[in-house]
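**Student:** Before anything else, here's the structure in question.
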Amino acid sequence: MNLEFNEDQKLLFETVDAAVGRGYPAGARGEATSTERGWNDDVWNTLAELGLTGLTIDGDHGGVGAGPVEVYATLEAMGKHAAAEPLLDGVFLPSWLIAALGTGEQAKQLLPALAEGATTIAVAHAEPGRPWGSAPSVAAAHSGDGSVVLSGVKSPVRHADQASTLLVTAVDGDTAGVYVVEAAAAGITRTDGRSADWSRASQVEFAGTPATLLGATGTDATAALQAAVARARVAVLAEAVGLMESTLGHTVEYLKNRKQFGVPLATFQALVHRASDMYARVELARSMALWATATVEAIDGGADVDLPAIADDAFVFVGDTATAVAEEAVQLHGGIGMTYEAEVAHHAARLTAIAESFGGLAAARRRAVAAESALRAPSALLNNA
Amino acid sequence: MNLEFNEDQKLLFETVDAAVGRGYPAGARGEATSTERGWNDDVWNTLAELGLTGLTIDGDHGGVGAGPVEVYATLEAMGKHAAAEPLLDGVFLPSWLIAALGTGEQAKQLLPALAEGATTIAVAHAEPGRPWGSAPSVAAAHSGDGSVVLSGVKSPVRHADQASTLLVTAVDGDTAGVYVVEAAAAGITRTDGRSADWSRASQVEFAGTPATLLGATGTDATAALQAAVARARVAVLAEAVGLMESTLGHTVEYLKNRKQFGVPLATFQALVHRASDMYARVELARSMALWATATVEAIDGGADVDLPAIADDAFVFVGDTATAVAEEAVQLHGGIGMTYEAEVAHHAARLTAIAESFGGLAAARRRAVAAESALRAPSALLNNA
Amino acid sequence: MDLELSPEDIEFRDGVREVFTREIPEDIRRRNALSRTTRDDIVASQRILNSHGLAVPHWPVDWGGKRWTPTQSHIYASELQRNSVPQPLAFNVSMVGPIIAEFGSEEQKRQFLPATANLDIWWSQGFSEPEAGSDLASLRTTARREGDVYVLNGQKTWTTLGQYGDWMFVLARTDPDAPRKQQGLSFLLLDMTTPGIERRPITLIDGSEEVNEFFFDNVRVPVENLVGEENKGWSYAKFLLGNERNGIAQVGTSRRVFADLAEAAAGIPTENGTLADDPQFRTSMHGARTTLLALEATQLRVTGASENGQASPVSSLLKMEGTKALQELSKLRMRAAGDDGMLLPPDGDAAESLHSDEAATIAAAQYLNQRKLSIFGGSNEIQRGVIAKTILGL
Amino acid sequence: MDLELSPEDIEFRDGVREVFTREIPEDIRRRNALSRTTRDDIVASQRILNSHGLAVPHWPVDWGGKRWTPTQSHIYASELQRNSVPQPLAFNVSMVGPIIAEFGSEEQKRQFLPATANLDIWWSQGFSEPEAGSDLASLRTTARREGDVYVLNGQKTWTTLGQYGDWMFVLARTDPDAPRKQQGLSFLLLDMTTPGIERRPITLIDGSEEVNEFFFDNVRVPVENLVGEENKGWSYAKFLLGNERNGIAQVGTSRRVFADLAEAAAGIPTENGTLADDPQFRTSMHGARTTLLALEATQLRVTGASENGQASPVSSLLKMEGTKALQELSKLRMRAAGDDGMLLPPDGDAAESLHSDEAATIAAAQYLNQRKLSIFGGSNEIQRGVIAKTILGL
């Protein structure tokens, strides 16, 4: 039993930390998200060179086939610098979907470019006003020549503006499926905007857009989709932990250095005690994220655990903490913490956005509270009844 | 529109404050509750002399027929000194029930002794393991000679040990009623204990105990019972406000006078800010209790408002505050605040018990959240749509 | 006690409501509800109010004020907020106006008050500085007297809507040698067209551009633009603090947000019903509702209390708890929107093109923006200090 | 990472669990679950554990300790709490025992350690004083050297279970002139049958009589009962703080309270079902559950971290957050009981005669009693200070 990184994982964290840190001096998130790409291309290229775009892709398709702990280490380091590169949204999540559902041919076609870092894929699942966990309203229709077209609206689709390909969830009659759509396909209307954390997102409208089902006809993709999303929901918590740690760090530095009434803010015990409470919350959230990550690893090793339920539990706990840490950090910084130029403001905005990602915190809590497990006595060890 | 006492009400508050204050120097609640009575008899006699035992009883039956604001003023002053005399449980609540349900004959029989302060009546409604709002399990049976007997268990019954008479809720078939039972009647087994606030309470078991229905046969008492209890639930919040105010006061004094690390606790800003937050919460709770009281007064004046719903809303808000204030006061006092000898500990215990009175806070919140009003836009003014 | 409005108060309410809902154009009020109010909206709205005698009711009667009862003042503030009418510009009507009316010369009153009431002059506030946010007494901007001008040098920040400012009221240090740092400050009126003023806009994290920094480089202010006495500026500034008690808890605004959210919830589907049926949402809303009732009741309790120009500790309570309640509602709004709050249009006008629920679209940005409520205008930490000192004696 | 116990650890767990559940009588464990443990329960339980080598596993091997892995230590603490086994008396096994083993003379070790492990001696803690609760360095009790005795004068308080104490370990001032007040304190072992000791019990607000005050009037302590060096007592006392890392978060206890409450909830009727269906109750329980998972995971993370005898700031986190979680559960238990928690029997034995749900009967008293968790053993305020200073550098 342990919740620690092994030596390789430690090295991975340090490598990403160093590489990303170079590209993200203080305030760089604002700059990165305002480029045409929406992220720092140099950092992206470095990540690709380090093989991180292939982290979740197996060796046969140009990746290294690493597990959830490596994903955690990578994303915590990214979060530490509030890095904007869409490793999770644009590479990891689509790679999990393709691996779970795609045919061998599709995997060969889609994964190597992802692994190389040559492209990103956008997953289009959210729809305005529709609960995340319900069946999509985007519908697949078969035309006379056997080809498939999609119609309907997805929003928000993260980083759709830079993606070469979209993976679009849609229903074919009663069967839910994931469809491969070329970003440049006919019948797509994209309205680009931004998320509250300044990363890019779009509304994408499909009107008879040509598409190909990911995987074999007739199989319902709901379970695979849920599993891949649950994996992403756990993974994003690693980013949140990295963000919270540096948010706390910035706040502590600010309390030490900023003077009010002629003395450093750290002289004011009320503020100091709140920083201590932030620390305690961040450490508990880190433990929760690590625990969820270790659980996903155990599932990959064959453990019989309900992955979406674990993801909900961890997401709710860490999401609540992320919100509280963001709020306290801004409050303790005062006005400066509200400004676009302040690093801590971008951390806070990203933490806020994470809590609303993948359907959002309220929906996750609703599911978790309704689940049978809500009243089950907790045990962090899987085989310790 | 106003939420202030008028001159008479101010005077009433000051009178009770002075009279009760003399009988309750610091620490006196522990002493009062450990007497055989369970309260301070001198204080009780003074209250009776002042006419307060007749406060809620009309002039025809020896009282003064005062309204909810006078009840508020009286109970806030009682709460300020953590006084243990059962004005609400032993006089006001039974008087409301008798006035609402009793026959003229019963009112003549029961009310004058109450108004004089010569006796108290215990209301027996709670049953172990039964939700407060459900029909009683105690059952009324008719014997051959036309008389009625009760069977079943009530617990806790506050101050049953000193009451001359019990008002017992029971069902006769499907009809809920309130029954008058002599404390000395046959077939009663009483097990005396105490509440968490050291006031007296008992389990009372009835086995074929002779009883008389309060009021006319055949009418269901549920609505009248709910209304009387709702009135009591609002009234007890006045006591809570008095308690909270002096709890805050004790805490502030302690912070000023107690030294740690060679300086007064008031030097520690973290503690001071928490006292400020306590103040803010207490003031909001006071406003809520006053508002609920004014609403009851408006209902008495004919306003069409759902009294139980108002009582739930106010009880939940003030109950949450009472719990938080009790916890913070004890915490800021440190170990001394945990001890039976500390005045603040008795305040905290009584605040805790108030939040669990009349079915308790969780049940009140459950009802309030389920009510249609939970999503209705709030307006404190009754005719300000 | 009495929880009903008197017939006279109902008539009063109906009167102001009539102006607010029939005279103020609906599109202005809609934009205001979505925090998309423009400069022109604020100006148009205030001029309509002024033409009905409703822009500066708390001013002296000679300058357009009314002798309203406390209840009427409460109704006015509450109805403004409930009906999403842009508040008359606080810098004009709650700050510089009352100061000039109280301490200004007759000439200053004539020159400024009518134009200030009608928003013909847009005022900005020049108090905060980078090193003096909560600690106003530490101001460093200097105003050196040279003949018949003061020469202004320094920097002001957090100047809300300063981009529209025609004039600014500035607190500046005229006596650098004063024994206490509260002394030696003066209250000056500055025409923003004077040479030597530079503005730098500050973007907030939600993308809004509502605050600014101003730099003063030998800006010359005629001595007749000194308000009251030299070196007495601190006492004039303090006169403002706690002066505004009505509406400070923003209960009317919160009530509107609550009502809008309750209505929206019935149309937000969940896995098994709508958000309006969701027990957790209902629990949070019930908590917000009871808090707002307690806040409004508190407001009603203090509305009648006498005002004496001192900072009122009850204002601290209302400001702190009122803004907390509004922040909590904005968080609830964001949680209700979920993903839908995570796609902001590139600019405001495109909002409707994205999807139908505009309030959802801006929910997260709104939530981030409203973090300012507990920071600006005296942070919650400052309010706790005021309560501790002035009420608790700690 | 690995979230499974190894086969060896499972074997270890099953072994200790076997002792806990089969050797410790069920009525002792039931009383312990209801916080009704008696002195005899604690003695009997510890002697059984000691006979199985499970009373003092963290002591040096020579004196009955085991060389367990961090995981085994975690399992041991967790299983004790989960199975409601009375904890081996902390004053013996976690406090005075380790101090004597580390700093005592060979003679002291032989005299005290076996009897301490077997609870043949019941130890009390003599640290806190009325004017030195959180601020131990301010202790005023004096021990004046007179020949071969120290003469003890002063007062100790908050002495938990001191009514059963055979011996007390006392921190007393031997050098009143020491330049720093942390210096000049000595660590003495005091036979409670010595003349001049007076005890005053302190009743807590829940009615429990578990803490005491002690008054010392010229109490003579032989110099051979000084542990270690004179005037070095502060460093020995500090050795204790943060020494106990396993079990400090009380996750095992909380888990048991959670499980009992979840089970009880299914039998508590509401207006339309049982408490187990009530969304608000479920929401609170879900919150408690995830907090306990996070706490246990934190405990697992630090279990392996090296111990160096220094106060561990992570202990501060575990103590603060762990006791908060347990307090929160005790509040939930009280809320679940409602009225049923508001009738305490006049004495403990009558509990069952009142009604069937004994845990409900004591829920409110239990809640009040557990307020102590965030005060005693280093208050949450002290813990925040430790975190700020040692981790955050504030």
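We label chains A, B, ... in the order they appear in the structure tokens, count residues from 1 in each chain, and number ligands from 1 in the order shown.
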Can you list, as an MDAnalysis selection string, every protein, DNA or RNA residue that comes within 8 Å of range 118-130 of chain A when you count only C-alpha atoms, leaving out same-chain residues fewer than 6 positions away?
**Tutor:** (chainID A and resid 89:91 93:94 136:137 153:160 162:169 358:359) or (chainID C and resid 268:270 339:340 355)
**Student:** Deliver the residues from the most recent selection as a file, using C-alpha atoms, as a PDB file, in the first residue's frame.
**Tutor:**
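This went into result09.pdb:
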ATOM      1  CA  ASP A  89      -8.835  17.788 -23.606  1.00  0.00           C
ATOM      2  CA  GLY A  90      -7.019  17.552 -26.916  1.00  0.00           C
ATOM      3  CA  VAL A  91      -5.016  14.340 -26.539  1.00  0.00           C
ATOM      4  CA  LEU A  93      -9.399  12.099 -23.491  1.00  0.00           C
ATOM      5  CA  PRO A  94      -9.718  11.507 -27.249  1.00  0.00           C
ATOM      6  CA  PRO A 136     -27.142  13.503 -26.768  1.00  0.00           C
ATOM      7  CA  SER A 137     -29.687  15.349 -28.818  1.00  0.00           C
ATOM      8  CA  VAL A 153     -25.605  21.644 -31.648  1.00  0.00           C
ATOM      9  CA  LYS A 154     -22.690  21.047 -29.246  1.00  0.00           C
ATOM     10  CA  SER A 155     -21.459  23.644 -26.768  1.00  0.00           C
ATOM     11  CA  PRO A 156     -19.041  24.224 -25.252  1.00  0.00           C
ATOM     12  CA  VAL A 157     -16.492  22.281 -27.278  1.00  0.00           C
ATOM     13  CA  ARG A 158     -13.108  22.978 -25.783  1.00  0.00           C
ATOM     14  CA  HIS A 159     -10.366  23.947 -28.238  1.00  0.00           C
ATOM     15  CA  ALA A 160     -12.548  23.127 -31.230  1.00  0.00           C
ATOM     16  CA  GLN A 162      -7.546  24.241 -33.296  1.00  0.00           C
ATOM     17  CA  ALA A 163      -8.650  20.630 -33.609  1.00  0.00           C
ATOM     18  CA  SER A 164      -8.185  18.704 -36.816  1.00  0.00           C
ATOM     19  CA  THR A 165     -10.915  16.275 -35.905  1.00  0.00           C
ATOM     20  CA  LEU A 166     -13.949  16.227 -33.636  1.00  0.00           C
ATOM     21  CA  LEU A 167     -15.258  13.249 -31.717  1.00  0.00           C
ATOM     22  CA  VAL A 168     -18.958  13.969 -31.506  1.00  0.00           C
ATOM     23  CA  THR A 169     -21.428  12.097 -29.330  1.00  0.00           C
ATOM     24  CA  PHE A 358     -17.465  17.794 -17.548  1.00  0.00           C
ATOM     25  CA  GLY A 359     -21.003  18.697 -16.557  1.00  0.00           C
TER      26      GLY A 359
ATOM     27  CA  ILE C 268     -32.964  23.488 -16.499  1.00  0.00           C
ATOM     28  CA  PRO C 269     -33.287  19.748 -17.011  1.00  0.00           C
ATOM     29  CA  THR C 270     -31.534  17.272 -14.743  1.00  0.00           C
ATOM     30  CA  ASP C 339     -21.004  23.771 -18.625  1.00  0.00           C
ATOM     31  CA  ASP C 340     -23.337  26.399 -20.015  1.00  0.00           C
ATOM     32  CA  HIS C 355     -27.713  30.064 -26.921  1.00  0.00           C
TER      33      HIS C 355
END
**Student:** Compute the set of chain B residues within 9 Å of chain C, using only C-alpha atoms, and express it as a VMD selection string.
**Tutor:** chain B and resid 1 to 6 69 249 252 to 253 255 to 256 266 to 267 269 272 to 277 279 to 281 283 to 291 293 to 295 297 to 298 313 to 314 316 to 317 365 to 366 368 to 370 373 to 384
**Student:** Using only C-alpha atoms, which residues sit within 9 Å of Gln163 in chain C once same-chain residues fewer than 4 positions away are excluded, as an MDAnalysis selection string?
**Tutor:** chainID C and resid 124 159 199 201 210:212
**Student:** Please give the complete set of residues from range 31-250 of chain D that DSSP, run on the backbone, assigns to helix (DSSP H, G or I), formatted as a ChimeraX atom specification.
**Tutor:** /D:31-33,39-51,61-63,70-82,90-103,106-117,136-138,162-164,223-225,233-240
**Student:** Going by DSSP on the backbone, which residues of range 92-253 of chain B come out as strand (DSSP E or B)? List them as a ChimeraX atom specification.
**Tutor:** /B:121-124,139-142,148-158,165-172,175-182,188-194,200-213
**Student:** Quote the spacing between CA of His347 in chain A and CA of Ala82 in chain A in Å to one decimal place.
**Tutor:**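 Distance between the two atoms: 6.1 Å.
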**Student:** Just give me the gap between CA of Gly67 in chain B and CA of Leu55 in chain B in Å, one decimal is fine.
**Tutor:** 8.1 Å
**Student:** Just how far from CA of Ala237 in chain C is CA of Phe216 in chain C, in Å to one decimal?
**Tutor:** 20.4 Å
**Student:** I'd like the neighbourhood of range 228-242 of chain B as a PyMOL selection string, where a residue qualifies if any of its atoms comes within 9 Å (using only C-alpha atoms), though same-chain residues fewer than 5 positions away should be ignored.
**Tutor:** chain B and resi 68+71-82+88-89+92-94+96-97+100+223+247+282-283+285-286+289-290+292-293+296+307-312+314-315+318-319+322+350-351+354-355+357-358
**Student:** So that I can see what lies close to range 40-54 of chain C, please list as a PyMOL selection string the residues with an atom at most 9 Å from it, counting only C-alpha atoms and leaving out residues fewer than 6 positions away in the same chain.
**Tutor:** chain C and resi 16+19-20+23-25+28-29+31-32+64-66+76+85-89+117-120+122
**Student:** Residues near Val64 in chain A, anyone? I mean within 12 Å using only C-alpha atoms, not counting same-chain ones fewer than 4 positions away, as a list in words.
**Tutor:**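 Surrounding residues, per the criterion: Leu50, Gly51, Leu52, Thr53, Gly54, Leu55, Thr56, Ile57, Asp58, Gly59, Asp60, Glu70, Val71, Leu111, Pro112, Ala115 and Glu116 of chain A.
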**Student:** Those selected residues, please, written with C-alpha atoms and delivered as a compact mmCIF listing (two decimals), in the first residue's frame.
**Tutor:**
# COMPACT_ATOMS: atom_id res chain seq x y z
CA LEU A 50 9.27 14.81 -24.30
CA GLY A 51 6.74 12.28 -25.56
CA LEU A 52 3.94 13.60 -23.38
CA THR A 53 1.50 13.88 -26.26
CA GLY A 54 1.92 10.12 -26.55
CA LEU A 55 1.64 9.48 -22.84
CA THR A 56 -1.73 7.71 -22.99
CA ILE A 57 -1.25 6.12 -26.41
CA ASP A 58 0.14 2.63 -26.72
CA GLY A 59 3.48 1.77 -28.24
CA ASP A 60 1.95 0.43 -31.43
CA GLU A 70 1.90 9.29 -15.06
CA VAL A 71 -1.10 11.30 -16.24
CA LEU A 111 -3.57 8.01 -32.81
CA PRO A 112 -0.10 8.44 -34.33
CA ALA A 115 1.05 10.94 -30.20
CA GLU A 116 3.41 13.05 -32.26
